[in-house]
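Undergrad: Attaching a single structure in C-alpha cells format; questions to follow.
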Amino acid sequence: MQHRIVVLGAGYSGAIAAGRLAKRLHREDVAITLVNAESDFVERVRMHQVAAGQELRHRPLAEMFAGTGVTFRQATVASVDADRRSVAVTGPDGAEELEYDTLVYALGSGWNDQGVPGTAEHAHEIGSRPGALRLRERLARLTDGQPVVVVGGGLTGVEAATEIAEARPDLDVALVARGGLGDWLSPKGRRHLRGVCDRLGITVHEHTDVTAVEADSVGTADGTSVPAAVTVWATGFAVHPIARATTLEVSATGQIVVDRTMRSVSHPDVYAVGDAALAAGPGDMPLRMSCASGVPTAWQAADAIAARLTGGKVPEVPLRYFNQCISLGRKDGLIQFVTPDDRAVPRALTGRFAAFYKELICKGAAWGVANPTIGLPVRRHRIAPHPAPATPAAEATA
C-alpha cells in the first residue's frame, strides 16, 4: 500500500516540498498530492509589480508537476482533522475528504489589518494575486496628482511604494512608517533608501502610527489626517486560520509549533513549512515570514520525511539568513547583507547591480518551483517495510 503524503498549499514552500519529496521517494511507494486553491503558481514576492501594472508569466501547477509523481488537486482547504489524519477540501466536483499518512501544511499567510478601524473596508492588500489585481485596477483609475498612501515601512511597504512611484510618477505617493525609514538597515542601506524615496518624490511619514483608515484618508495617532485616494496596507502578515482550529499545537500567532526538522511537536505525522510554521533560527529566535525562510524550511521538511520513511539519517541543517533583497522599482535595488540571525551588517549592494541581483533571486526561486525534478540529483529511495515516526529521543541516540 502506498504511503499517502498530502501537501496543503502550493506557494514557494509547499511546491518546493512536494517536488523535493518526489525526488527523494520511489513512485511505487508513495502517493503525493499537492492541494492549492489557485490553478497557477503565484510569485508572491512580485505582487507589488502586478499592482503597478506589470504582467507576470503564468505557471500552471498541473503542467509544472506533470510526470513528476505529484498529483495536483485544485481545491480550497476547509479544515484539517489532525487526529483522524484527514483534510476536508472543496474542489470543482464539490466537497470531499483526503486521508493522509503524512501531512505537509504550507497554507502560508495573508494580510494582517492589525485591527485598525476601517482597514478591511477601505485599504488594499498586496499579499495575494487577487488583492494585487484589485489594487492595479484601482490605481489605473486615478488621475494626475491624486494621493496614494502605503502604510508599513518594512520590506513589503518599501517595495510597494517605490514600485508605484516609479510606474506612476504622476501620482502623489506617501509611505507611512511606524519607525524610522529603513531603521533595520545598515547606514549605507538607509542612505540609499532615503535617496531613492527622494528621487521618486515619495513623501515619508516616519515614527507615525496609523489609527484609522477612511475612504479618502488615513488617521494617525497624533491627530493628523493624511489624504489618500488609495491606501495600501503593508504592515505584516497573519497566518491562515485553519491550523488554530485543529488539535495541533500552535503559537499565539496561530503558527504550528515545530521542531528543527519542521515536524509538529504535537502530531509527528504533520510537518509545517513557510509562514505557517513557528520555526527557530539562530539563537532560537523565530524565523520571519518570508520566502527566505520558507524555502529552507521546505527543504528541511522534505528531507526529514524522506529519511524517516526510508530509514535514513534525519538531516538537521541550521536555518540562517544571508541577505535581504529589496527591489526599489525596476531600475534600482538594495541588497542588505545580514548576520545569520538577520541583523544588518555594514556591507550592502545598491543601485542597478542590486536590482539585477534581486531579479536573479526571484527568477531562481520561480525556476526551482517550476522545475520540481531538475537541479537536485534524483535519488529515489524505497520506503522501509514498516516505517514509523521516530521519536526525538530515539533520533538523538541513533
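By convention in this document, the chains of the C-alpha cells carry letters A, B, ... by their order, each chain's residues are numbered from 1, and ligands are numbered from 1 in the order they are shown.
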Determine, for each residue of region 226-313 of chain A having at least one atom at most 9 Å from an atom of region 148-156 of chain A, the closest pair of atoms and their separation in Å to one decimal, counting only C-alpha atoms; order by chain and ascending number, as JSON lines.

TA:
```
{"residue": "A:Val226", "atom": "CA", "partner": "A:Val149", "partner_atom": "CA", "distance": 8.0}
{"residue": "A:Pro227", "atom": "CA", "partner": "A:Val149", "partner_atom": "CA", "distance": 7.8}
{"residue": "A:Ala228", "atom": "CA", "partner": "A:Val148", "partner_atom": "CA", "distance": 5.3}
{"residue": "A:Ala229", "atom": "CA", "partner": "A:Val148", "partner_atom": "CA", "distance": 5.9}
{"residue": "A:Val230", "atom": "CA", "partner": "A:Val148", "partner_atom": "CA", "distance": 4.9}
{"residue": "A:Thr231", "atom": "CA", "partner": "A:Val149", "partner_atom": "CA", "distance": 4.9}
{"residue": "A:Val232", "atom": "CA", "partner": "A:Val150", "partner_atom": "CA", "distance": 4.6}
{"residue": "A:Trp233", "atom": "CA", "partner": "A:Val151", "partner_atom": "CA", "distance": 5.1}
{"residue": "A:Ala234", "atom": "CA", "partner": "A:Gly152", "partner_atom": "CA", "distance": 4.9}
{"residue": "A:Thr235", "atom": "CA", "partner": "A:Gly152", "partner_atom": "CA", "distance": 4.5}
{"residue": "A:Gly236", "atom": "CA", "partner": "A:Gly152", "partner_atom": "CA", "distance": 7.7}
```

Undergrad: Would you mind writing down, as a JSON list (two decimals) with C-alpha atoms, in the first residue's frame, each residue of region 165-329 of chain A that DSSP on the backbone assigns to strand (DSSP E or B)?

TA:
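Output saved as part_5.json:
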```
[["chain", "number", "residue", "atom", "x", "y", "z"],
["A", 172, "ASP", "CA", 1.48, 61.69, -5.09],
["A", 173, "VAL", "CA", 2.88, 58.65, -3.26],
["A", 174, "ALA", "CA", 3.48, 58.65, 0.50],
["A", 175, "LEU", "CA", 4.95, 56.00, 2.81],
["A", 176, "VAL", "CA", 3.92, 55.81, 6.46],
["A", 203, "THR", "CA", 6.75, 61.65, 0.96],
["A", 204, "VAL", "CA", 7.84, 59.69, 4.04],
["A", 205, "HIS", "CA", 5.99, 59.95, 7.36],
["A", 210, "VAL", "CA", -1.98, 54.82, 11.76],
["A", 211, "THR", "CA", -5.08, 54.57, 13.94],
["A", 212, "ALA", "CA", -7.85, 54.60, 11.33],
["A", 213, "VAL", "CA", -8.41, 54.25, 7.60],
["A", 217, "SER", "CA", -7.54, 59.45, 4.18],
["A", 218, "VAL", "CA", -5.67, 57.72, 6.98],
["A", 219, "GLY", "CA", -5.72, 58.99, 10.54],
["A", 220, "THR", "CA", -2.65, 58.95, 12.75],
["A", 225, "SER", "CA", -5.11, 63.17, 8.62],
["A", 226, "VAL", "CA", -3.10, 62.08, 5.57],
["A", 227, "PRO", "CA", -5.06, 62.36, 2.29],
["A", 230, "VAL", "CA", -5.92, 54.80, -2.31],
["A", 231, "THR", "CA", -4.49, 53.22, 0.84],
["A", 232, "VAL", "CA", -2.17, 50.23, 0.52],
["A", 233, "TRP", "CA", -1.87, 48.22, 3.75],
["A", 237, "PHE", "CA", 1.09, 39.12, 7.59],
["A", 238, "ALA", "CA", -1.19, 36.81, 9.55],
["A", 239, "VAL", "CA", -1.21, 33.04, 9.08],
["A", 250, "VAL", "CA", 0.04, 26.39, 17.71],
["A", 256, "ILE", "CA", 2.20, 25.44, 14.05],
["A", 257, "VAL", "CA", 4.93, 24.78, 16.62],
["A", 258, "VAL", "CA", 7.58, 22.56, 15.05],
["A", 263, "ARG", "CA", 7.70, 18.32, 12.40],
["A", 264, "SER", "CA", 4.78, 19.27, 14.62],
["A", 270, "VAL", "CA", 2.34, 16.57, 10.42],
["A", 271, "TYR", "CA", 5.02, 18.93, 9.14],
["A", 272, "ALA", "CA", 4.64, 22.68, 8.73],
["A", 277, "ALA", "CA", 5.45, 27.21, 10.92],
["A", 278, "LEU", "CA", 6.87, 28.65, 14.11],
["A", 280, "ALA", "CA", 13.53, 28.54, 15.23],
["A", 286, "PRO", "CA", 11.55, 32.62, 15.35],
["A", 323, "ASN", "CA", 20.85, 38.90, 2.95],
["A", 324, "GLN", "CA", 17.67, 40.88, 2.43],
["A", 325, "CYS", "CA", 16.87, 41.56, -1.22],
["A", 326, "ILE", "CA", 14.80, 44.69, -1.80],
["A", 327, "SER", "CA", 13.60, 45.98, -5.17]]
```

Undergrad: Give me, as JSON lines, each residue of region 15-70 of chain A that comes within 12 Å of region 90-103 of chain A, together with its shortest interatomic pair and the distance in Å at one decimal, counting only C-alpha atoms, with rows ordered by chain and rising residue number.

TA:
```
{"residue": "A:Ala17", "atom": "CA", "partner": "A:Leu103", "partner_atom": "CA", "distance": 11.1}
{"residue": "A:Ala18", "atom": "CA", "partner": "A:Leu103", "partner_atom": "CA", "distance": 10.8}
{"residue": "A:Leu21", "atom": "CA", "partner": "A:Thr102", "partner_atom": "CA", "distance": 11.6}
{"residue": "A:Val30", "atom": "CA", "partner": "A:Asp101", "partner_atom": "CA", "distance": 10.0}
{"residue": "A:Ala31", "atom": "CA", "partner": "A:Tyr100", "partner_atom": "CA", "distance": 9.4}
{"residue": "A:Ile32", "atom": "CA", "partner": "A:Tyr100", "partner_atom": "CA", "distance": 9.5}
{"residue": "A:Thr33", "atom": "CA", "partner": "A:Leu98", "partner_atom": "CA", "distance": 9.2}
{"residue": "A:Leu34", "atom": "CA", "partner": "A:Leu103", "partner_atom": "CA", "distance": 10.3}
{"residue": "A:Val35", "atom": "CA", "partner": "A:Gly91", "partner_atom": "CA", "distance": 9.7}
{"residue": "A:Asn36", "atom": "CA", "partner": "A:Gly91", "partner_atom": "CA", "distance": 9.7}
{"residue": "A:Ala37", "atom": "CA", "partner": "A:Gly91", "partner_atom": "CA", "distance": 8.3}
{"residue": "A:Glu38", "atom": "CA", "partner": "A:Gly91", "partner_atom": "CA", "distance": 10.6}
{"residue": "A:Ser39", "atom": "CA", "partner": "A:Gly91", "partner_atom": "CA", "distance": 11.3}
```

Undergrad: Go ahead and save the residues from that selection, with C-alpha atoms, as a PDB file, in the first residue's frame.

TA:
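What follows is the written file out_35.pdb:
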```pdb
ATOM      1  CA  ALA A  17       8.444  20.470  -0.600  1.00  0.00           C
ATOM      2  CA  ALA A  18       6.263  18.421  -2.958  1.00  0.00           C
ATOM      3  CA  LEU A  21       9.712  14.635  -1.935  1.00  0.00           C
ATOM      4  CA  VAL A  30       4.219   6.966  -2.240  1.00  0.00           C
ATOM      5  CA  ALA A  31       1.209   8.921  -3.448  1.00  0.00           C
ATOM      6  CA  ILE A  32       1.977  12.645  -3.234  1.00  0.00           C
ATOM      7  CA  THR A  33      -0.971  15.022  -3.587  1.00  0.00           C
ATOM      8  CA  LEU A  34      -0.490  18.786  -3.799  1.00  0.00           C
ATOM      9  CA  VAL A  35      -3.591  20.862  -2.980  1.00  0.00           C
ATOM     10  CA  ASN A  36      -3.926  24.531  -3.889  1.00  0.00           C
ATOM     11  CA  ALA A  37      -6.824  26.935  -4.273  1.00  0.00           C
ATOM     12  CA  GLU A  38      -5.439  28.572  -7.434  1.00  0.00           C
ATOM     13  CA  SER A  39      -4.516  26.744 -10.619  1.00  0.00           C
TER      14      SER A  39
END
```

Undergrad: For a test of reading the model, state the distance in Å between CA of Tyr321 (chain A) and CA of Ala51 (chain A), rounded to one decimal.

TA: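 Between CA of Tyr321 (chain A) and CA of Ala51 (chain A) the gap is 27.9 Å.
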
Undergrad: So which bits of region 66-299 of chain A end up helix (DSSP H, G or I) when you DSSP the backbone, as a ChimeraX atom specification?

TA: /A:119-122,129-140,155-167,187-200,243-245,274-276,282-284,291-299

Undergrad: Kindly indicate which residue among A:Val70, A:Val314, A:Phe322, A:His48 lies nearest to Ala167 (chain A), using only C-alpha atoms for the distances.

TA: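 Among the listed residues, the smallest separation from Ala167 (chain A) belongs to A:His48.
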
Undergrad: With distances taken over only C-alpha atoms, which residue among A:Gly274, A:Pro147, A:Leu8, A:Gly118 lies nearest Ala88 (chain A)?

TA: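 Counting only C-alpha atoms, the residue closest to Ala88 (chain A) is A:Leu8.
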
Undergrad: One decimal, Å: what's the distance from CA of Asp40 (chain A) over to CA of Pro60 (chain A), could you say?

TA: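 About the pair CA of Asp40 (chain A) and CA of Pro60 (chain A): they are 4.2 Å apart.
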
Undergrad: Give me the residues within 8 Å of Val50 (chain A) as a ChimeraX atom specification, counting only C-alpha atoms and dropping any in the same chain fewer than 3 places off.

TA: /A:46-47,53-56,129,132-133,136

Undergrad: Compile the contact shell of region 333-350 of chain A as a count of residues only: residues with an atom at most 9 Å away, counting only C-alpha atoms, same-chain residues fewer than 3 positions apart removed.

TA: 31

Undergrad: Near Ile305 (chain A), within 12 Å and counting only C-alpha atoms, which residues show up once chain neighbours fewer than 4 positions away are dropped, as an mmCIF file with N, CA and C atoms, in the first residue's frame?

TA:
```
data_model
loop_
_atom_site.group_PDB
_atom_site.id
_atom_site.type_symbol
_atom_site.label_atom_id
_atom_site.label_comp_id
_atom_site.auth_asym_id
_atom_site.auth_seq_id
_atom_site.Cartn_x
_atom_site.Cartn_y
_atom_site.Cartn_z
ATOM 1 N N HIS A 3 2.260 4.974 0.693
ATOM 2 C CA HIS A 3 2.228 5.939 1.788
ATOM 3 C C HIS A 3 1.673 7.241 1.217
ATOM 4 N N ARG A 4 0.618 7.753 1.837
ATOM 5 C CA ARG A 4 -0.079 8.927 1.313
ATOM 6 C C ARG A 4 0.477 10.210 1.933
ATOM 7 N N ILE A 5 1.048 11.048 1.080
ATOM 8 C CA ILE A 5 1.564 12.350 1.520
ATOM 9 C C ILE A 5 0.705 13.437 0.883
ATOM 10 N N ALA A 17 8.475 21.686 -1.415
ATOM 11 C CA ALA A 17 8.444 20.470 -0.600
ATOM 12 C C ALA A 17 7.912 19.291 -1.400
ATOM 13 N N ALA A 18 6.837 19.507 -2.160
ATOM 14 C CA ALA A 18 6.263 18.421 -2.958
ATOM 15 C C ALA A 18 7.254 17.921 -4.002
ATOM 16 N N ARG A 20 10.529 18.177 -3.992
ATOM 17 C CA ARG A 20 11.695 17.543 -3.368
ATOM 18 C C ARG A 20 11.355 16.132 -2.872
ATOM 19 N N LEU A 21 10.147 15.969 -2.353
ATOM 20 C CA LEU A 21 9.712 14.635 -1.935
ATOM 21 C C LEU A 21 9.657 13.683 -3.127
ATOM 22 N N ALA A 22 9.207 14.196 -4.268
ATOM 23 C CA ALA A 22 9.139 13.361 -5.469
ATOM 24 C C ALA A 22 10.523 12.914 -5.913
ATOM 25 N N ARG A 24 12.998 12.334 -3.794
ATOM 26 C CA ARG A 24 13.597 11.518 -2.749
ATOM 27 C C ARG A 24 12.972 10.131 -2.599
ATOM 28 N N LEU A 25 11.698 10.004 -2.981
ATOM 29 C CA LEU A 25 10.964 8.771 -2.696
ATOM 30 C C LEU A 25 10.554 8.056 -3.980
ATOM 31 N N VAL A 30 4.915 5.808 -2.799
ATOM 32 C CA VAL A 30 4.219 6.966 -2.240
ATOM 33 C C VAL A 30 3.210 7.532 -3.227
ATOM 34 N N ASP A 101 -1.177 9.883 5.389
ATOM 35 C CA ASP A 101 -0.282 9.275 6.372
ATOM 36 C C ASP A 101 0.720 10.319 6.869
ATOM 37 N N THR A 102 1.107 11.214 5.964
ATOM 38 C CA THR A 102 1.962 12.345 6.323
ATOM 39 C C THR A 102 1.371 13.602 5.691
ATOM 40 N N LEU A 103 1.285 14.648 6.492
ATOM 41 C CA LEU A 103 0.744 15.916 6.001
ATOM 42 C C LEU A 103 1.836 16.976 6.049
ATOM 43 N N VAL A 104 1.942 17.743 4.964
ATOM 44 C CA VAL A 104 2.803 18.926 4.933
ATOM 45 C C VAL A 104 1.891 20.142 4.834
ATOM 46 N N THR A 261 13.221 19.853 12.556
ATOM 47 C CA THR A 261 13.019 19.182 11.275
ATOM 48 C C THR A 261 11.672 19.556 10.668
ATOM 49 N N MET A 262 11.018 20.559 11.219
ATOM 50 C CA MET A 262 9.731 21.088 10.753
ATOM 51 C C MET A 262 8.562 20.168 11.075
ATOM 52 N N ARG A 263 8.765 19.236 11.997
ATOM 53 C CA ARG A 263 7.700 18.319 12.396
ATOM 54 C C ARG A 263 6.938 18.888 13.581
ATOM 55 N N PRO A 268 3.330 13.928 15.221
ATOM 56 C CA PRO A 268 4.539 13.600 14.446
ATOM 57 C C PRO A 268 4.302 13.269 12.981
ATOM 58 N N ASP A 269 3.058 13.110 12.562
ATOM 59 C CA ASP A 269 2.785 12.846 11.151
ATOM 60 C C ASP A 269 2.459 14.132 10.393
ATOM 61 N N VAL A 270 2.609 15.282 11.042
ATOM 62 C CA VAL A 270 2.340 16.573 10.422
ATOM 63 C C VAL A 270 3.611 17.416 10.424
ATOM 64 N N TYR A 271 3.905 18.006 9.279
ATOM 65 C CA TYR A 271 5.021 18.934 9.139
ATOM 66 C C TYR A 271 4.460 20.271 8.689
ATOM 67 N N ALA A 272 5.064 21.345 9.149
ATOM 68 C CA ALA A 272 4.641 22.680 8.731
ATOM 69 C C ALA A 272 5.847 23.419 8.174
ATOM 70 N N ALA A 298 11.159 24.203 3.678
ATOM 71 C CA ALA A 298 10.623 23.167 2.779
ATOM 72 C C ALA A 298 11.669 22.090 2.505
ATOM 73 N N TRP A 299 12.907 22.519 2.249
ATOM 74 C CA TRP A 299 13.985 21.539 2.049
ATOM 75 C C TRP A 299 14.141 20.646 3.278
ATOM 76 N N GLN A 300 14.143 21.287 4.462
ATOM 77 C CA GLN A 300 14.346 20.531 5.703
ATOM 78 C C GLN A 300 13.234 19.516 5.921
ATOM 79 N N ALA A 301 11.985 19.950 5.741
ATOM 80 C CA ALA A 301 10.858 19.054 5.971
ATOM 81 C C ALA A 301 10.869 17.884 4.994
ATOM 82 N N LEU A 309 10.972 7.900 6.442
ATOM 83 C CA LEU A 309 10.242 6.836 5.751
ATOM 84 C C LEU A 309 11.169 5.746 5.220
ATOM 85 N N THR A 310 12.377 6.108 4.875
ATOM 86 C CA THR A 310 13.296 5.141 4.247
ATOM 87 C C THR A 310 14.329 4.580 5.211
ATOM 88 N N GLY A 311 14.289 5.028 6.462
ATOM 89 C CA GLY A 311 15.240 4.518 7.431
ATOM 90 C C GLY A 311 16.602 5.175 7.367
ATOM 91 N N GLY A 312 16.690 6.336 6.701
ATOM 92 C CA GLY A 312 17.954 7.043 6.596
ATOM 93 C C GLY A 312 18.187 7.967 7.779
ATOM 94 N N LYS A 313 19.331 8.620 7.774
ATOM 95 C CA LYS A 313 19.667 9.565 8.825
ATOM 96 C C LYS A 313 18.910 10.863 8.599
ATOM 97 N N VAL A 314 18.242 11.332 9.635
ATOM 98 C CA VAL A 314 17.450 12.552 9.518
ATOM 99 C C VAL A 314 18.370 13.766 9.537
ATOM 100 N N PRO A 315 18.390 14.547 8.452
ATOM 101 C CA PRO A 315 19.261 15.736 8.431
ATOM 102 C C PRO A 315 18.661 16.841 9.279
ATOM 103 N N GLU A 316 19.505 17.665 9.812
ATOM 104 C CA GLU A 316 19.055 18.814 10.590
ATOM 105 C C GLU A 316 20.000 19.964 10.270
ATOM 106 N N HIS A 381 14.512 6.680 -3.000
ATOM 107 C CA HIS A 381 14.756 5.543 -2.122
ATOM 108 C C HIS A 381 13.451 4.810 -1.850
ATOM 109 N N ILE A 383 10.733 2.952 0.471
ATOM 110 C CA ILE A 383 10.262 3.109 1.844
ATOM 111 C C ILE A 383 10.518 1.814 2.606
ATOM 112 N N PRO A 387 7.605 1.746 8.114
ATOM 113 C CA PRO A 387 8.139 2.997 8.642
ATOM 114 C C PRO A 387 7.286 3.516 9.781
ATOM 115 N N ALA A 388 7.931 4.032 10.782
ATOM 116 C CA ALA A 388 7.215 4.608 11.908
ATOM 117 C C ALA A 388 7.893 5.912 12.285
ATOM 118 N N PRO A 389 7.117 6.926 12.637
ATOM 119 C CA PRO A 389 7.733 8.192 13.026
ATOM 120 C C PRO A 389 8.664 7.989 14.210
ATOM 121 N N ALA A 390 9.909 8.385 14.056
ATOM 122 C CA ALA A 390 10.862 8.226 15.129
ATOM 123 C C ALA A 390 10.648 9.317 16.177
#
```
